[in-house]
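Undergrad: What follows is start.cif, mmCIF, C-alpha atoms.
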data_model
#
loop_
_atom_site.label_atom_id
_atom_site.label_comp_id
_atom_site.auth_asym_id
_atom_site.auth_seq_id
_atom_site.Cartn_x
_atom_site.Cartn_y
_atom_site.Cartn_z
CA MET A 1 -103.03 214.75 -24.90
CA ALA A 2 -102.86 215.62 -28.57
CA ASP A 3 -103.25 212.86 -31.15
CA TYR A 4 -100.56 212.94 -33.78
CA HIS A 5 -100.92 211.22 -37.12
CA PHE A 6 -97.84 210.52 -39.24
CA ILE A 7 -98.03 209.86 -42.94
CA TYR A 8 -95.01 208.06 -44.42
CA LYS A 9 -94.28 208.53 -48.12
CA ASP A 10 -91.93 206.38 -50.11
CA VAL A 11 -89.87 207.50 -53.08
CA GLU A 12 -92.03 208.63 -55.98
CA GLY A 13 -92.81 205.72 -58.31
CA ALA A 14 -91.97 203.08 -55.69
CA SER A 15 -94.47 200.25 -55.03
CA THR A 16 -94.92 197.61 -52.37
CA GLN A 17 -95.36 193.91 -52.96
CA TRP A 18 -98.96 194.13 -51.73
CA ASP A 19 -99.77 196.84 -54.28
CA ASP A 20 -98.29 194.75 -57.04
CA ILE A 21 -100.56 191.82 -56.07
CA GLN A 22 -103.62 194.09 -56.00
CA ARG A 23 -102.80 195.43 -59.47
CA LYS A 24 -102.56 191.90 -60.83
CA LEU A 25 -106.02 191.17 -59.38
CA GLY A 26 -107.41 194.39 -60.90
CA ASN A 27 -108.18 196.00 -57.56
CA LEU A 28 -105.78 198.88 -58.20
CA PRO A 29 -105.19 200.96 -61.33
CA PRO A 30 -101.99 200.32 -63.32
CA LYS A 31 -98.82 201.77 -61.96
CA PRO A 32 -98.00 205.15 -63.61
CA PRO A 33 -94.73 205.25 -65.59
CA ALA A 34 -91.64 206.59 -63.76
CA PHE A 35 -90.79 210.22 -64.42
CA LYS A 36 -87.93 210.74 -66.86
CA PRO A 37 -86.60 214.27 -67.35
CA PRO A 38 -85.97 215.33 -70.95
CA ALA A 39 -82.45 214.97 -72.30
CA PHE A 40 -80.24 217.98 -71.65
CA ALA A 41 -79.53 220.05 -74.73
CA PRO A 42 -77.23 223.06 -74.22
CA ALA A 43 -78.40 226.32 -75.67
CA GLU A 44 -76.83 227.35 -78.90
CA ASP A 45 -73.86 229.64 -78.44
CA GLU A 46 -73.22 232.26 -81.05
CA GLU A 47 -69.48 231.89 -80.56
CA SER A 48 -69.61 228.17 -81.29
CA LYS A 49 -71.27 228.59 -84.67
CA PRO A 50 -69.01 228.27 -87.71
CA LYS A 51 -67.91 231.69 -88.93
CA ASP A 52 -68.30 231.36 -92.67
CA LYS A 53 -69.13 233.97 -95.33
CA SER A 54 -72.85 233.89 -94.59
CA TRP A 55 -72.12 234.56 -90.89
CA VAL A 56 -69.99 237.59 -91.82
CA ASP A 57 -72.61 238.85 -94.28
CA SER A 58 -75.24 238.69 -91.57
CA LYS A 59 -73.34 241.18 -89.37
CA THR A 60 -73.90 244.91 -89.48
CA GLU A 61 -71.10 247.43 -89.92
CA GLU A 62 -71.10 248.24 -86.19
CA GLU A 63 -70.91 244.56 -85.24
CA LEU A 64 -68.01 244.09 -87.63
CA GLU A 65 -66.20 247.04 -86.02
CA GLU A 66 -66.71 245.43 -82.60
CA LEU A 67 -65.38 242.13 -83.93
CA LYS A 68 -62.32 243.94 -85.29
CA ASP A 69 -61.72 245.54 -81.89
CA ASP A 70 -62.05 242.13 -80.22
CA LEU A 71 -59.61 240.67 -82.71
CA ASP A 72 -57.11 243.45 -81.97
CA ASP A 73 -57.55 242.79 -78.27
CA ASP A 74 -56.87 239.09 -78.83
CA ARG A 75 -53.74 239.89 -80.82
CA PHE A 76 -52.58 242.24 -78.06
CA LEU A 77 -53.15 239.55 -75.45
CA GLU A 78 -51.20 237.03 -77.52
CA GLU A 79 -48.30 239.46 -77.92
CA TYR A 80 -48.45 240.30 -74.22
CA ARG A 81 -48.36 236.60 -73.27
CA TYR A 82 -45.43 236.06 -75.64
CA ILE A 83 -43.51 239.00 -74.16
CA CYS A 84 -44.19 237.75 -70.62
CA PHE A 85 -43.05 234.27 -71.60
CA MET A 86 -39.82 235.59 -73.14
CA ILE A 87 -39.11 237.73 -70.08
CA PHE A 88 -39.66 234.72 -67.83
CA PHE A 89 -37.55 232.48 -70.07
CA LEU A 90 -34.64 234.92 -70.31
CA THR A 91 -34.79 235.63 -66.57
CA PHE A 92 -34.83 231.90 -65.77
CA LYS A 93 -31.94 231.31 -68.18
CA HIS A 94 -29.94 234.16 -66.64
CA VAL A 95 -30.59 232.91 -63.09
CA SER A 96 -29.69 229.35 -64.09
CA GLN A 97 -26.44 230.60 -65.64
CA LEU A 98 -25.66 232.56 -62.48
CA ASN A 99 -26.32 229.48 -60.35
CA PHE A 100 -24.14 227.36 -62.65
CA ASP A 101 -21.33 229.93 -62.49
CA LEU A 102 -21.64 230.08 -58.71
CA LEU A 103 -21.50 226.29 -58.39
CA SER A 104 -18.52 226.16 -60.77
CA ARG A 105 -16.75 228.83 -58.76
CA LYS A 106 -17.41 226.97 -55.51
CA LYS A 107 -16.12 223.77 -57.10
CA ARG A 108 -12.95 225.50 -58.31
CA LEU A 109 -12.38 227.02 -54.87
CA ALA A 110 -12.83 223.60 -53.26
CA GLU A 111 -10.36 222.07 -55.72
CA MET A 112 -7.89 224.86 -55.03
CA ARG A 113 -8.23 224.30 -51.29
CA GLU A 114 -7.65 220.57 -51.73
CA THR A 115 -4.63 221.25 -53.92
CA ALA A 116 -3.28 223.69 -51.36
CA LYS A 117 -3.67 221.05 -48.66
CA VAL A 118 -1.80 218.50 -50.75
CA VAL A 119 0.99 220.63 -52.20
CA ARG A 120 2.37 221.81 -48.90
CA PHE A 121 6.04 221.16 -49.51
CA GLY A 122 7.59 220.20 -52.86
CA SER A 123 11.23 221.02 -52.05
CA VAL A 124 14.03 220.22 -49.62
CA VAL A 125 13.82 222.94 -46.96
CA PRO A 126 16.96 223.88 -44.99
CA ILE A 127 16.46 224.12 -41.21
CA SER A 128 18.65 224.91 -38.22
CA GLY A 129 19.01 223.16 -34.87
CA SER A 130 16.47 225.50 -33.24
CA ASP A 131 13.91 224.63 -35.94
CA PHE A 132 14.25 220.86 -35.59
CA ILE A 133 11.58 220.31 -32.91
CA ARG A 134 9.00 222.52 -34.62
CA GLU A 135 9.65 221.33 -38.18
CA VAL A 136 10.29 217.64 -37.49
CA SER A 137 9.25 216.39 -34.05
CA GLN A 138 6.05 218.47 -33.92
CA ALA A 139 5.02 217.89 -37.53
CA SER A 140 1.45 216.73 -38.20
CA SER A 141 0.84 213.04 -37.52
CA ASP A 142 -0.31 212.45 -41.11
CA VAL A 143 2.95 213.83 -42.56
CA TRP A 144 6.11 211.82 -43.06
CA VAL A 145 9.32 213.83 -42.63
CA VAL A 146 12.60 212.89 -44.31
CA VAL A 147 15.62 214.58 -42.69
CA LEU A 148 18.98 214.78 -44.47
CA LEU A 149 22.08 215.21 -42.29
CA TYR A 150 24.80 216.66 -44.49
CA LYS A 151 27.80 218.96 -44.76
CA ASP A 152 28.97 221.13 -47.62
CA GLY A 153 31.93 219.89 -49.61
CA PHE A 154 30.97 216.20 -49.49
CA PRO A 155 30.19 214.81 -52.98
CA GLU A 156 28.11 212.00 -51.47
CA CYS A 157 25.90 214.53 -49.70
CA GLN A 158 25.43 216.50 -52.91
CA LEU A 159 24.46 213.37 -54.84
CA LEU A 160 21.86 212.29 -52.27
CA MET A 161 20.54 215.83 -52.01
CA LYS A 162 19.84 215.89 -55.78
CA CYS A 163 17.89 212.66 -55.44
CA LEU A 164 15.85 214.08 -52.56
CA GLU A 165 15.10 217.27 -54.48
CA GLU A 166 13.70 215.15 -57.31
CA LEU A 167 11.58 213.10 -54.90
CA ALA A 168 10.33 216.23 -53.12
CA LYS A 169 8.89 217.47 -56.44
CA ARG A 170 7.25 214.12 -57.18
CA TYR A 171 5.84 213.68 -53.66
CA PRO A 172 4.81 217.13 -52.37
CA ALA A 173 2.77 215.67 -49.49
CA THR A 174 5.98 214.28 -47.93
CA LYS A 175 8.12 216.78 -46.07
CA PHE A 176 11.83 216.91 -46.93
CA VAL A 177 14.28 218.95 -44.82
CA LYS A 178 18.05 219.20 -44.62
CA ILE A 179 20.22 220.20 -41.69
CA ILE A 180 23.97 220.37 -41.12
CA SER A 181 24.87 217.24 -39.20
CA THR A 182 26.64 218.91 -36.26
CA ASP A 183 23.75 221.40 -35.84
CA CYS A 184 21.42 218.45 -35.35
CA ILE A 185 23.72 216.09 -33.42
CA PRO A 186 26.85 217.65 -31.87
CA ASN A 187 30.11 215.89 -32.81
CA TYR A 188 28.34 213.72 -35.37
CA PRO A 189 31.15 211.90 -37.27
CA ASP A 190 31.66 212.94 -40.90
CA PHE A 191 32.23 209.35 -42.05
CA ASN A 192 28.51 208.69 -41.40
CA LEU A 193 27.48 211.32 -43.93
CA PRO A 194 25.11 211.51 -45.62
CA THR A 195 22.50 210.22 -43.17
CA LEU A 196 18.74 210.07 -43.65
CA LEU A 197 16.29 210.08 -40.73
CA VAL A 198 12.61 209.26 -41.30
CA TYR A 199 10.13 210.73 -38.78
CA ASN A 200 6.42 210.28 -38.29
CA ASN A 201 4.24 211.40 -35.41
CA GLY A 202 7.30 212.71 -33.53
CA ALA A 203 9.22 209.42 -33.59
CA VAL A 204 12.12 208.08 -35.66
CA LYS A 205 10.81 205.31 -37.92
CA ALA A 206 14.02 204.57 -39.86
CA ASN A 207 17.58 205.80 -40.37
CA TYR A 208 20.01 205.20 -43.23
CA VAL A 209 23.71 205.88 -42.67
CA GLY A 210 25.99 206.41 -45.66
CA LEU A 211 25.38 206.53 -49.37
CA HIS A 212 25.81 202.75 -49.72
CA SER A 213 22.39 202.29 -48.06
CA PHE A 214 20.80 203.21 -51.39
CA GLY A 215 22.63 200.80 -53.68
CA ARG A 216 25.66 200.95 -55.93
CA GLN A 217 24.25 203.83 -57.93
CA CYS A 218 22.32 206.40 -55.91
CA THR A 219 19.29 207.35 -58.02
CA PRO A 220 15.89 208.86 -57.08
CA GLU A 221 14.32 205.51 -57.90
CA GLY A 222 16.65 203.60 -55.60
CA VAL A 223 16.19 206.08 -52.74
CA ALA A 224 12.40 205.86 -53.15
CA LEU A 225 12.45 202.08 -52.95
CA VAL A 226 14.53 202.17 -49.79
CA LEU A 227 12.35 204.79 -48.11
CA CYS A 228 9.16 202.83 -48.84
CA GLY A 229 10.69 199.53 -47.77
CA THR A 230 8.51 199.18 -44.67
CA ASP A 231 6.34 202.32 -44.42
CA PRO A 232 4.41 204.52 -46.89
CA VAL A 233 6.85 207.40 -46.54
CA LEU A 234 6.38 208.91 -49.98
CA ASN A 235 3.00 210.44 -50.75
CA ASP A 236 2.03 212.52 -53.79
CA GLY A 237 -1.24 213.57 -52.16
CA HIS A 238 -3.44 212.14 -54.94
CA SER A 239 -3.13 208.36 -55.02
CA SER A 240 -4.39 206.44 -52.00
CA ASP A 241 -1.82 203.67 -52.49
CA SER A 242 1.60 204.75 -51.21
CA SER A 243 2.87 201.19 -50.71
CA ARG A 244 6.14 199.76 -51.89
CA SER A 245 4.38 197.92 -54.74
CA SER A 246 3.02 201.14 -56.28
CA ILE A 247 6.39 202.90 -55.91
CA LEU A 248 8.13 199.87 -57.40
CA TYR A 249 5.78 199.78 -60.38
CA SER A 250 6.17 203.50 -61.04
CA PHE A 251 9.95 203.56 -60.89
CA ARG A 252 10.31 200.26 -62.72
CA SER A 253 8.52 201.81 -65.70
CA LYS A 254 10.76 204.87 -65.57
CA LEU A 255 13.85 202.70 -65.22
CA ILE A 256 12.88 200.66 -68.30
CA GLU A 257 12.34 203.88 -70.27
CA LYS A 258 15.75 205.13 -69.14
CA VAL A 259 17.51 201.88 -70.12
CA VAL A 260 15.83 201.89 -73.52
CA ALA A 261 16.80 205.54 -74.09
CA ASP A 262 20.43 204.84 -73.06
CA HIS A 263 20.54 201.81 -75.37
CA GLU A 264 19.23 203.85 -78.31
CA ASN A 265 21.78 206.57 -77.65
CA TYR A 266 24.53 203.95 -77.51
CA ASP A 267 23.40 202.45 -80.82
CA ASP A 268 23.38 205.91 -82.43
CA GLY A 269 26.89 206.57 -81.19
CA SER A 270 28.16 203.21 -82.44
CA SER A 271 26.64 203.66 -85.90
CA SER A 272 28.24 207.11 -86.25
CA ASP A 273 31.66 205.64 -85.46
#
Is it possible to express this structure as structure tokens?

TA:
Amino acid sequence: MADYHFIYKDVEGASTQWDDIQRKLGNLPPKPPAFKPPAFAPAEDEESKPKDKSWVDSKTEEELEELKDDLDDDRFLEEYRYICFMIFFLTFKHVSQLNFDLLSRKKRLAEMRETAKVVRFGSVVPISGSDFIREVSQASSDVWVVVLLYKDGFPECQLLMKCLEELAKRYPATKFVKIISTDCIPNYPDFNLPTLLVYNNGAVKANYVGLHSFGRQCTPEGVALVLCGTDPVLNDGHSSDSSRSSILYSFRSKLIEKVVADHENYDDGSSSD
């Protein structure tokens, strides 16, 4: 069998404790100093040298021509980079403007759709007996329907109708319809005119018989207060609060303005007399 001999070598410059003892006793020569490579010094680059008058004077005519060509190339590259940057900038600006216009257009379309959903009515629509189920009973569950039973030639009906026309403009999300009383209910007595029926989700929620139901003076404000007495009948489609308190606050302000205006007109008339 072959005899193998292994020789283990430590890192160059390393020493064992035993060798250190032998060196102290003088049995071994002093330990050689550890190898240190010389400090790195990069080679001088011609491009890094300062380009002063002496550097220019040291160049030949051919070298100066080459330098001029290089300088022209550098200027061309700078102009090319500038042109590329401007093209990118203008393109980005144009695309950003297109995106902004597209978003604005989408926003306007969404607002128009919302407005179209809200402003569905806005007037008192005349219907016939055959339209009643479709227009009133089968109306959407989120829509309140105010039905006026009337007949031509009755001043009370005309007065209430004017009030409802005003409310229909103020509250376009509430549906207002009018129907001749006997077309809706056969043999309906004329002394009950005008009559208001309030529907929601196919059911009658309230009814008001006669003009006296809306106070001594029938005004849009008074009719609105009566309609919103128990339910949020009136809805403008924008404000979330359709309660009696909001209606009361709104019409109270308008009533105060009206009283003040009437008082000023009265004072003007008295002073002229």

Undergrad: Residues near stretch 206-221 of chain A, anyone? I mean within 6 Å using only C-alpha atoms, not counting same-chain ones fewer than 6 positions away, as a PyMOL selection string.

TA: chain A and resi 163+192-198+251

Undergrad: Please identify all polymer residues within 12 Å of A:Pro30, counting all atoms listed in the file, omitting same-chain residues fewer than 4 positions from it, and present them as a list of chain:residue names.

TA: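 Listed by chain and then number, they are A:Gly13, A:Ser15, A:Asp19, A:Asp20, A:Ile21, A:Gln22, A:Arg23, A:Lys24, A:Leu25, A:Gly26.
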
Undergrad: Any idea what the distance is between atom CA of A:Ile256 and atom CA of A:Pro172?

TA: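 For atom CA of A:Ile256 relative to atom CA of A:Pro172, the distance reads 24.3 Å.
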
Undergrad: Tell me which protein, DNA and RNA residues are within 9 Å of A:Leu234, counting only C-alpha atoms, leaving out same-chain ones fewer than 3 positions away, and put them as a ChimeraX atom specification.

TA: /A:144,167-168,170-175,224,227-228,231,242-243,247

Undergrad: Create the file for the chosen residues now, containing C-alpha atoms and written as a PDB file, in the coordinates of the input.

TA:
ATOM      1  CA  TRP A 144       6.110 211.820 -43.060  1.00  0.00           C
ATOM      2  CA  LEU A 167      11.580 213.100 -54.900  1.00  0.00           C
ATOM      3  CA  ALA A 168      10.330 216.230 -53.120  1.00  0.00           C
ATOM      4  CA  ARG A 170       7.250 214.120 -57.180  1.00  0.00           C
ATOM      5  CA  TYR A 171       5.840 213.680 -53.660  1.00  0.00           C
ATOM      6  CA  PRO A 172       4.810 217.130 -52.370  1.00  0.00           C
ATOM      7  CA  ALA A 173       2.770 215.670 -49.490  1.00  0.00           C
ATOM      8  CA  THR A 174       5.980 214.280 -47.930  1.00  0.00           C
ATOM      9  CA  LYS A 175       8.120 216.780 -46.070  1.00  0.00           C
ATOM     10  CA  ALA A 224      12.400 205.860 -53.150  1.00  0.00           C
ATOM     11  CA  LEU A 227      12.350 204.790 -48.110  1.00  0.00           C
ATOM     12  CA  CYS A 228       9.160 202.830 -48.840  1.00  0.00           C
ATOM     13  CA  ASP A 231       6.340 202.320 -44.420  1.00  0.00           C
ATOM     14  CA  SER A 242       1.600 204.750 -51.210  1.00  0.00           C
ATOM     15  CA  SER A 243       2.870 201.190 -50.710  1.00  0.00           C
ATOM     16  CA  ILE A 247       6.390 202.900 -55.910  1.00  0.00           C
TER      17      ILE A 247
END

Undergrad: Between atom CA of A:Ile127 and atom CA of A:Ile185, what is the spacing in Å?

TA: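 So the two atoms, atom CA of A:Ile185 and atom CA of A:Ile127, lie 13.3 Å apart.
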
Undergrad: What does the structure give for the distance between atom CA of A:His94 and atom CA of A:Arg81, in Å to one decimal?

TA: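 Going from atom CA of A:His94 over to atom CA of A:Arg81 covers 19.7 Å.
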
Undergrad: Pick out the closest residue to A:Val147 from this set: A:Ser58, A:Ser96, A:Thr91, A:Ser128. Count all atoms listed in the file.

TA: A:Ser128

Undergrad: Pull the closest atom pair for each residue of stretch 76-145 of chain A that gets at most 8 Å from stretch 200-205 of chain A, along with the distance in Å to one decimal, counting only C-alpha atoms, ordering rows by chain and then ascending residue number, as a tab-separated table.

TA:
residue	atom	partner	partner_atom	distance
A:Val136	CA	A:Gly202	CA	7.0
A:Ser137	CA	A:Gly202	CA	4.2
A:Gln138	CA	A:Gly202	CA	5.9
A:Ala139	CA	A:Asn201	CA	6.9
A:Ser140	CA	A:Asn201	CA	6.6
A:Ser141	CA	A:Asn201	CA	4.3
A:Asp142	CA	A:Asn201	CA	7.4
A:Val143	CA	A:Asn200	CA	6.5
A:Trp144	CA	A:Asn200	CA	5.0
A:Val145	CA	A:Asn200	CA	6.3

Undergrad: Which residue out of A:Leu225, A:Ala41, A:Val260, A:Leu148 has the minimum interatomic distance to A:Met161 when only C-alpha atoms are used?

TA: A:Leu148

Undergrad: Measuring between only C-alpha atoms, which one of A:Ser130, A:Gln17, A:Ser181, A:Ser253 shows the shortest distance to A:Lys151?

TA: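 The closest residue to A:Lys151 is A:Ser181.
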
Undergrad: Given the file above and the PyMOL selection byres ((chain A and resi 123-126) around 7), which residues are selected, and can you give them as number ranges by chain?

TA: A: 121-122, 127, 165, 168-169, 176-179

Undergrad: Restricting the calculation to only C-alpha atoms, which member of A:Arg108, A:Val223, A:Phe35, A:Phe132 is positioned closest to A:Lys162?

TA: A:Val223

Undergrad: With distances taken over all atoms listed in the file, which of A:Leu109, A:Gly153, A:Gln97, A:Val146 is nearest to A:Asn235?

TA: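 Smallest distance to A:Asn235 is found for A:Val146.
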